[in-house]
$ cat upload33.txt   # compact mmCIF, C-alpha atoms
# COMPACT_ATOMS: atom_id res chain seq x y z
CA MET Y 1 0.00 0.00 0.00
CA LYS Y 2 2.90 2.31 0.87
CA VAL Y 3 4.57 1.56 -2.45
CA MET Y 4 1.33 2.35 -4.25
CA GLY Y 5 1.04 5.64 -2.41
CA LYS Y 6 4.60 6.60 -3.33
CA MET Y 7 3.98 5.70 -6.96
CA ILE Y 8 0.86 7.88 -7.03
CA GLU Y 9 2.86 10.72 -5.46
CA ARG Y 10 5.54 10.39 -8.13
CA VAL Y 11 3.01 10.35 -10.95
CA ASP Y 12 1.27 13.35 -9.39
CA ALA Y 13 4.57 15.21 -9.17
CA PHE Y 14 5.26 14.40 -12.82
CA PHE Y 15 1.87 15.78 -13.87
CA HIS Y 16 2.36 18.84 -11.66
CA ARG Y 17 5.65 19.58 -13.41
CA ARG Y 18 3.83 19.21 -16.75
CA GLY Y 19 1.39 21.98 -15.84
CA PHE Y 20 -1.53 20.14 -14.20
CA THR Y 21 -1.68 22.39 -11.16
CA HIS Y 22 -5.31 21.85 -10.16
CA PRO Y 23 -5.59 18.79 -7.84
CA ASP Y 24 -8.84 17.44 -9.30
CA VAL Y 25 -7.71 17.89 -12.88
CA ARG Y 26 -4.40 16.24 -11.98
CA GLU Y 27 -6.31 13.31 -10.49
CA LEU Y 28 -8.34 12.92 -13.69
CA ALA Y 29 -5.22 13.12 -15.85
CA ARG Y 30 -3.40 10.62 -13.67
CA ASN Y 31 -6.34 8.17 -13.75
CA GLN Y 32 -6.45 8.51 -17.51
CA ALA Y 33 -2.72 7.78 -17.73
CA VAL Y 34 -3.11 4.67 -15.58
CA ILE Y 35 -6.06 3.41 -17.64
CA VAL Y 36 -4.21 3.96 -20.92
CA LEU Y 37 -1.11 2.27 -19.57
CA ILE Y 38 -3.17 -0.76 -18.52
CA ALA Y 39 -4.93 -0.81 -21.92
CA LEU Y 40 -1.59 -0.62 -23.76
CA LEU Y 41 -0.06 -3.37 -21.63
CA CYS Y 42 -3.10 -5.61 -22.15
CA CYS Y 43 -3.19 -4.99 -25.90
CA ALA Y 44 0.56 -5.21 -26.57
CA PRO Y 45 0.82 -9.04 -26.62
CA PHE Y 46 -2.07 -9.33 -29.11
CA ALA Y 47 -1.24 -6.28 -31.25
CA ALA Y 48 0.80 -8.27 -33.79
CA PHE Y 49 -2.06 -10.56 -34.83
CA SER Y 50 -5.23 -8.81 -33.71
CA THR Y 51 -6.55 -5.70 -35.40
CA TRP Y 52 -8.96 -5.20 -32.50
CA ALA Y 53 -6.13 -4.93 -29.95
CA TRP Y 54 -4.05 -2.27 -31.66
CA SER Y 55 -7.13 -0.33 -32.79
CA PHE Y 56 -8.35 -0.19 -29.19
CA ALA Y 57 -4.93 0.93 -27.97
CA ALA Y 58 -4.73 3.58 -30.70
CA GLY Y 59 -8.20 4.94 -29.84
CA ALA Y 60 -7.37 5.08 -26.13
CA SER Y 61 -4.04 6.84 -26.76
CA LEU Y 62 -5.62 9.34 -29.13
CA ILE Y 63 -8.40 10.40 -26.76
CA SER Y 64 -5.95 10.61 -23.85
CA LEU Y 65 -3.62 12.94 -25.74
CA ASN Y 66 -6.67 15.02 -26.62
CA PHE Y 67 -7.79 15.18 -23.01
CA TRP Y 68 -4.36 16.09 -21.65
CA SER Y 69 -4.09 18.94 -24.11
CA LEU Y 70 -7.58 20.16 -23.23
CA ALA Y 71 -7.14 19.80 -19.46
CA ARG Y 72 -3.77 21.56 -19.32
CA PHE Y 73 -5.16 24.54 -21.15
CA GLY Y 74 -8.59 24.41 -19.48
CA GLN Y 75 -7.08 25.15 -16.07
CA ARG Y 76 -6.01 28.61 -17.21
CA VAL Y 77 -8.84 29.58 -19.49
CA ALA Y 78 -11.57 30.16 -16.88
CA GLY Y 79 -9.38 32.88 -15.36
CA TYR Y 80 -9.16 34.92 -18.56
CA GLU Y 81 -10.35 38.47 -18.00
CA SER Y 82 -11.76 38.88 -21.49
CA LYS Y 83 -14.62 36.47 -22.23
CA LYS Y 84 -14.26 37.03 -25.96
CA GLU Y 85 -10.58 36.18 -25.96
CA ALA Y 86 -11.18 33.04 -23.89
CA VAL Y 87 -13.93 31.78 -26.22
CA LEU Y 88 -11.83 32.51 -29.32
CA VAL Y 89 -8.79 30.70 -27.95
CA VAL Y 90 -10.85 27.69 -26.84
CA LEU Y 91 -12.62 27.43 -30.19
CA PHE Y 92 -9.36 27.76 -32.11
CA ARG Y 93 -7.74 25.04 -30.05
CA PHE Y 94 -10.87 22.84 -30.31
CA TYR Y 95 -10.98 22.97 -34.11
CA LEU Y 96 -7.21 22.52 -34.34
CA ARG Y 97 -7.39 19.42 -32.12
CA LEU Y 98 -10.41 18.14 -34.05
CA GLY Y 99 -8.51 18.55 -37.33
CA LEU Y 100 -5.45 16.74 -36.03
CA THR Y 101 -7.63 13.99 -34.55
CA GLY Y 102 -9.40 13.73 -37.89
CA LEU Y 103 -6.10 13.25 -39.67
CA ALA Y 104 -5.03 10.59 -37.18
CA LEU Y 105 -8.40 8.79 -37.46
CA TYR Y 106 -8.24 8.98 -41.25
CA ALA Y 107 -4.79 7.39 -41.19
CA LEU Y 108 -5.96 4.70 -38.78
CA ILE Y 109 -9.20 3.80 -40.57
CA VAL Y 110 -8.20 4.26 -44.21
CA TRP Y 111 -4.47 3.52 -44.38
CA ALA Y 112 -3.99 1.15 -41.45
CA GLY Y 113 -7.41 -0.54 -41.71
CA ALA Y 114 -8.25 -0.24 -38.01
CA SER Y 115 -11.37 -1.85 -36.60
CA ALA Y 116 -14.03 0.85 -36.19
CA THR Y 117 -15.67 -0.85 -33.19
CA ALA Y 118 -12.36 -1.17 -31.36
CA LEU Y 119 -11.47 2.41 -32.17
CA LEU Y 120 -14.79 3.63 -30.75
CA ALA Y 121 -14.31 1.46 -27.67
CA GLY Y 122 -10.84 2.95 -27.17
CA LEU Y 123 -12.19 6.48 -27.58
CA SER Y 124 -14.85 5.74 -24.95
CA ILE Y 125 -12.20 5.14 -22.29
CA LEU Y 126 -12.26 8.83 -21.38
CA VAL Y 127 -15.98 8.76 -20.66
CA VAL Y 128 -15.50 5.64 -18.53
CA ASN Y 129 -12.77 7.43 -16.56
CA PHE Y 130 -15.05 10.40 -15.93
CA LEU Y 131 -17.92 8.15 -14.87
CA PHE Y 132 -15.78 6.31 -12.32
CA TRP Y 133 -14.33 9.58 -11.08
CA GLY Y 134 -17.84 11.01 -10.66
CA ILE Y 135 -19.06 7.88 -8.87
CA SER Y 136 -16.06 7.96 -6.54
CA ARG Y 137 -16.87 11.59 -5.78
CA MET Y 138 -20.44 10.71 -4.89
CA SER Y 139 -19.44 7.99 -2.47
CA PRO Y 140 -19.93 8.99 1.21
CA LYS Y 141 -16.18 8.67 1.97
CA THR Y 142 -15.08 11.39 -0.41
CA ARG Y 143 -18.12 13.66 -0.26
CA GLU Y 144 -17.44 17.03 1.34
CA LEU Y 145 -18.90 17.64 4.77
CA PRO Y 146 -21.17 20.70 5.17
CA ASN Y 147 -19.63 23.56 7.14
CA MET L 1 -41.63 33.08 -35.81
CA ARG L 2 -37.96 32.11 -35.71
CA LYS L 3 -38.86 28.54 -34.81
CA ILE L 4 -41.33 28.30 -37.70
CA MET L 5 -38.75 29.71 -40.12
CA PHE L 6 -36.16 27.24 -38.85
CA THR L 7 -38.55 24.30 -39.30
CA LEU L 8 -39.60 25.46 -42.77
CA LEU L 9 -36.03 25.94 -43.96
CA ASN L 10 -35.01 22.55 -42.61
CA THR L 11 -37.95 20.87 -44.30
CA ALA L 12 -37.13 22.59 -47.60
CA ALA L 13 -33.49 21.51 -47.35
CA LEU L 14 -34.48 17.91 -46.63
CA ILE L 15 -36.96 17.82 -49.52
CA ALA L 16 -34.37 19.31 -51.88
CA LEU L 17 -31.75 16.76 -50.91
CA ALA L 18 -34.22 13.86 -51.03
CA SER L 19 -35.10 14.60 -54.64
CA VAL L 20 -31.40 14.56 -55.54
CA ALA L 21 -30.95 11.25 -53.74
CA PHE L 22 -33.91 9.63 -55.47
CA ALA L 23 -32.85 10.96 -58.86
CA ALA L 24 -29.45 9.27 -58.66
CA GLU L 25 -29.36 5.60 -59.50
CA GLY L 26 -27.18 2.71 -58.43
CA ALA L 27 -24.01 2.65 -56.39
CA MET L 28 -22.73 6.04 -57.55
CA GLY L 29 -25.95 7.69 -56.39
CA ALA L 30 -25.70 6.02 -53.01
CA ILE L 31 -22.07 7.10 -52.64
CA GLY L 32 -23.05 10.66 -53.50
CA THR L 33 -25.83 10.61 -50.91
CA ILE L 34 -23.48 9.17 -48.27
CA SER L 35 -20.91 11.86 -49.05
CA TRP L 36 -23.53 14.58 -48.65
CA ALA L 37 -24.77 13.00 -45.42
CA THR L 38 -21.28 12.85 -43.91
CA ALA L 39 -20.45 16.40 -44.95
CA ILE L 40 -23.68 17.80 -43.50
CA GLY L 41 -23.47 15.57 -40.42
CA MET L 42 -19.91 16.56 -39.60
CA GLY L 43 -20.70 20.21 -40.22
CA ILE L 44 -23.63 20.11 -37.81
CA ALA L 45 -21.59 18.18 -35.22
CA ALA L 46 -18.61 20.56 -35.40
CA ALA L 47 -20.81 23.65 -35.28
CA GLY L 48 -22.94 22.30 -32.41
CA CYS L 49 -19.92 21.24 -30.39
CA GLY L 50 -18.20 24.59 -30.97
CA LEU L 51 -21.35 26.38 -29.88
CA GLY L 52 -21.63 24.20 -26.78
CA GLN L 53 -18.01 24.78 -25.82
CA GLY L 54 -18.33 28.52 -26.33
CA LEU L 55 -21.50 28.76 -24.22
CA GLY L 56 -20.03 26.58 -21.47
CA LEU L 57 -16.86 28.63 -21.34
CA LYS L 58 -18.79 31.90 -21.33
CA ALA L 59 -20.82 30.72 -18.34
CA ALA L 60 -17.67 29.52 -16.57
CA CYS L 61 -15.94 32.88 -17.08
CA GLU L 62 -18.98 34.71 -15.71
CA GLY L 63 -19.18 32.36 -12.74
CA THR L 64 -15.51 32.78 -11.91
CA ALA L 65 -15.74 36.56 -12.24
CA ARG L 66 -18.74 36.68 -9.91
CA ASN L 67 -17.38 34.25 -7.37
CA PRO L 68 -13.61 33.78 -7.64
CA GLU L 69 -13.58 31.41 -4.65
CA ALA L 70 -15.59 28.87 -6.64
CA GLY L 71 -13.04 29.05 -9.47
CA GLY L 72 -11.54 25.64 -8.71
CA LYS L 73 -14.85 23.79 -8.80
CA ILE L 74 -15.96 25.68 -11.90
CA THR L 75 -12.69 24.81 -13.67
CA VAL L 76 -13.13 21.07 -13.06
CA THR L 77 -16.74 21.15 -14.20
CA LEU L 78 -15.74 23.17 -17.25
CA ILE L 79 -13.00 20.73 -18.22
CA LEU L 80 -15.36 17.78 -17.81
CA GLY L 81 -17.96 19.50 -19.97
CA LEU L 82 -15.46 20.47 -22.64
CA ALA L 83 -14.06 16.93 -22.73
CA PHE L 84 -17.54 15.41 -23.07
CA ILE L 85 -18.37 17.79 -25.90
CA GLU L 86 -15.07 17.05 -27.62
CA SER L 87 -15.73 13.32 -27.30
CA LEU L 88 -19.06 13.83 -29.05
CA ALA L 89 -17.37 15.65 -31.92
CA ILE L 90 -14.80 12.87 -32.23
CA TYR L 91 -17.54 10.20 -32.22
CA ALA L 92 -19.30 12.07 -35.02
CA LEU L 93 -16.00 12.27 -36.91
CA VAL L 94 -15.44 8.52 -36.55
CA VAL L 95 -18.96 7.74 -37.73
CA CYS L 96 -18.48 10.02 -40.76
CA LEU L 97 -15.12 8.43 -41.58
CA ILE L 98 -16.65 4.96 -41.28
CA LEU L 99 -19.50 5.95 -43.61
CA LEU L 100 -17.07 7.45 -46.11
CA PHE L 101 -14.22 4.97 -46.13
CA ALA L 102 -15.17 1.72 -44.40
CA HIS L 103 -18.31 1.26 -46.59
CA PRO L 104 -20.57 -0.55 -44.10
CA PHE L 105 -23.47 -0.58 -46.60
CA ALA L 106 -21.46 -1.77 -49.60
CA ALA L 107 -23.15 -5.20 -49.72
CA GLN L 108 -26.67 -3.73 -49.65
CA ILE L 109 -25.81 -1.15 -52.31
CA ALA L 110 -24.24 -3.73 -54.62
CA GLY L 111 -27.05 -6.21 -54.02

$ encode --input "upload33.txt" --output "structure tokens"
Amino acid sequence: MKVMGKMIERVDAFFHRRGFTHPDVRELARNQAVIVLIALLCCAPFAAFSTWAWSFAAGASLISLNFWSLARFGQRVAGYESKKEAVLVVLFRFYLRLGLTGLALYALIVWAGASATALLAGLSILVVNFLFWGISRMSPKTRELPN
Amino acid sequence: MRKIMFTLLNTAALIALASVAFAAEGAMGAIGTISWATAIGMGIAAAGCGLGQGLGLKAACEGTARNPEAGGKITVTLILGLAFIESLAIYALVVCLILLFAHPFAAQIAG
């Protein structure tokens, strides 16, 4: 248990150095990293002969990169003084990310022949992470006590 | 009035596209229809998601300006919302790419 705690601390410190300063956002990013790592480790042995395995891993990696980019920037954007500037920057980054993701998905589906179902399952990992994070927040242990 | 105009314009657009789809014959017609569907679908998805992100961010900025102490909670909620919206856009993109390049209805069209 102690080793686990130290590992979590190290990962947290790594994410803090990378710009994830908000504790909750850091927790989400760390959970996402752990889930992707597990998915990659589980898929690696089958990747050579199973399209499903590498497609799933590719989808999970793609959505995680997307989320990390969004989360790192999202921590700063709510503090922008100009609403207009904040919206413009967020929209620009959103369409840029969407374009890059589109290119990556095009390469995966058209050139590499990835399995669409596996890709969608991999992309859904982020939603699963959020759901578990939300459920853990709602549990009586972690819920905030009223003042 | 705006709602009625919106409904009328949408209906007109659908009717116009349907006549084009029915006029085309065979596999080429189906491919053309699928291409139109993906283009329109992705356009709607991208525009809707952009609108959603903009509105969410606007509300978050207002909330933080009004109550800076709640900034932390608002930021987390904002990031969750933005990520959900972005996931939706990516799902739409995948569906459009599948329709365009993976040809899931090829057997039905050929048959």

$ residues_around --input "upload33.txt" --residues "range 120-126 of chain Y" --least-positions-apart "4" --cutoff "9 Å" --atoms "all atoms listed in the file" --output "ChimeraX atom specification"
/Y:32,35-36,39,55-64,67,115-116,130-131 /L:83-84,87,90-91,94

$ closest_residue --input "upload33.txt" --among "Y:Phe132, Y:Tyr106, Y:Phe15, Y:Trp111" --to "chain L" --atoms "only C-alpha atoms"
Y:Tyr106

$ closest_atom_pairs --input "upload33.txt" --of "chain Y" --to "chain L" --cutoff "9 Å" --atoms "all atoms listed in the file" --output "Markdown table"
| residue | atom | partner | partner_atom | distance |
| --- | --- | --- | --- | --- |
| Y:His22 | CA | L:Gly72 | CA | 7.4 |
| Y:Asp24 | CA | L:Val76 | CA | 6.8 |
| Y:Val25 | CA | L:Val76 | CA | 6.3 |
| Y:Ile63 | CA | L:Ser87 | CA | 7.9 |
| Y:Asn66 | CA | L:Ala83 | CA | 8.6 |
| Y:Phe67 | CA | L:Ala83 | CA | 6.5 |
| Y:Leu70 | CA | L:Ala83 | CA | 7.3 |
| Y:Ala71 | CA | L:Ile79 | CA | 6.1 |
| Y:Gly74 | CA | L:Ile79 | CA | 5.9 |
| Y:Gln75 | CA | L:Thr75 | CA | 6.1 |
| Y:Arg76 | CA | L:Thr75 | CA | 8.5 |
| Y:Val77 | CA | L:Cys61 | CA | 8.2 |
| Y:Ala78 | CA | L:Cys61 | CA | 5.2 |
| Y:Gly79 | CA | L:Cys61 | CA | 6.8 |
| Y:Tyr80 | CA | L:Cys61 | CA | 7.2 |
| Y:Glu81 | CA | L:Cys61 | CA | 8.0 |
| Y:Ser82 | CA | L:Cys61 | CA | 8.5 |
| Y:Lys83 | CA | L:Lys58 | CA | 6.3 |
| Y:Lys84 | CA | L:Lys58 | CA | 8.3 |
| Y:Ala86 | CA | L:Leu57 | CA | 7.6 |
| Y:Val87 | CA | L:Gly54 | CA | 5.5 |
| Y:Leu88 | CA | L:Gly54 | CA | 8.2 |
| Y:Val90 | CA | L:Gly54 | CA | 7.5 |
| Y:Leu91 | CA | L:Gly50 | CA | 6.3 |
| Y:Phe94 | CA | L:Gly50 | CA | 7.6 |
| Y:Tyr95 | CA | L:Gly50 | CA | 8.0 |
| Y:Leu98 | CA | L:Ile90 | CA | 7.1 |
| Y:Thr101 | CA | L:Ile90 | CA | 7.6 |
| Y:Gly102 | CA | L:Leu93 | CA | 6.8 |
| Y:Leu105 | CA | L:Val94 | CA | 7.1 |
| Y:Tyr106 | CA | L:Leu97 | CA | 6.9 |
| Y:Ile109 | CA | L:Ala102 | CA | 7.4 |
| Y:Val110 | CA | L:Phe101 | CA | 6.4 |
| Y:Gly113 | CA | L:Ala102 | CA | 8.5 |
| Y:Ala116 | CA | L:Ile98 | CA | 7.0 |
| Y:Leu119 | CA | L:Val94 | CA | 8.5 |
| Y:Leu120 | CA | L:Tyr91 | CA | 7.3 |
| Y:Leu123 | CA | L:Ser87 | CA | 7.7 |
| Y:Ser124 | CA | L:Ser87 | CA | 8.0 |
| Y:Leu126 | CA | L:Ser87 | CA | 8.2 |
| Y:Val127 | CA | L:Phe84 | CA | 7.2 |
| Y:Phe130 | CA | L:Leu80 | CA | 7.6 |

$ atom_distance --input "upload33.txt" --atom1 "CA of Val128 in chain Y" --atom2 "CA of Ala29 in chain Y"
13.0 Å

$ closest_residue --input "upload33.txt" --among "Y:Met7, Y:Ala112, Y:Met138, Y:Gly99" --to "Trp54 in chain Y" --atoms "all atoms listed in the file"
Y:Ala112

$ atom_distance --input "upload33.txt" --atom1 "CA of Gly134 in chain Y" --atom2 "CA of Gly19 in chain Y"
22.7 Å

$ atom_distance --input "upload33.txt" --atom1 "CA of Ala114 in chain Y" --atom2 "CA of Trp52 in chain Y"
7.4 Å

$ closest_residue --input "upload33.txt" --among "Y:Ser136, Y:Asn129, Y:Ser69, Y:Thr51" --to "Asn31 in chain Y" --atoms "all atoms listed in the file"
Y:Asn129

$ axis_aligned_box --input "upload33.txt" --around "range 17-34 of chain Y" --padding-each-side "3 Å" --output "AutoDock Vina command-line options"
--center_x -1.6 --center_y 13.5 --center_z -12.8 --size_x 20.5 --size_y 23.7 --size_z 15.9

$ closest_residue --input "upload33.txt" --among "L:Cys96, L:Met5, L:Ile85, L:Ala110" --to "Ile40 in chain L" --atoms "all atoms listed in the file"
L:Cys96

$ closest_residue --input "upload33.txt" --among "L:Gly52, L:Lys3, L:Gly32, L:Leu9" --to "Gly81 in chain L" --atoms "all atoms listed in the file"
L:Gly52

$ decode --input "upload33.txt" --residues "range 46-68 of chain Y" --atoms "C-alpha atoms" --output "short mmCIF file (atom, residue, chain, number, x, y, z; two decimals), in the first residue's frame"
data_model
loop_
_atom_site.label_atom_id
_atom_site.label_comp_id
_atom_site.auth_asym_id
_atom_site.auth_seq_id
_atom_site.Cartn_x
_atom_site.Cartn_y
_atom_site.Cartn_z
CA PHE Y 46 -2.07 -9.33 -29.11
CA ALA Y 47 -1.24 -6.28 -31.25
CA ALA Y 48 0.80 -8.27 -33.79
CA PHE Y 49 -2.06 -10.56 -34.83
CA SER Y 50 -5.23 -8.81 -33.71
CA THR Y 51 -6.55 -5.70 -35.40
CA TRP Y 52 -8.96 -5.20 -32.50
CA ALA Y 53 -6.13 -4.93 -29.95
CA TRP Y 54 -4.05 -2.27 -31.66
CA SER Y 55 -7.13 -0.33 -32.79
CA PHE Y 56 -8.35 -0.19 -29.19
CA ALA Y 57 -4.93 0.93 -27.97
CA ALA Y 58 -4.73 3.58 -30.70
CA GLY Y 59 -8.20 4.94 -29.84
CA ALA Y 60 -7.37 5.08 -26.13
CA SER Y 61 -4.04 6.84 -26.76
CA LEU Y 62 -5.62 9.34 -29.13
CA ILE Y 63 -8.40 10.40 -26.76
CA SER Y 64 -5.95 10.61 -23.85
CA LEU Y 65 -3.62 12.94 -25.74
CA ASN Y 66 -6.67 15.02 -26.62
CA PHE Y 67 -7.79 15.18 -23.01
CA TRP Y 68 -4.36 16.09 -21.65
#
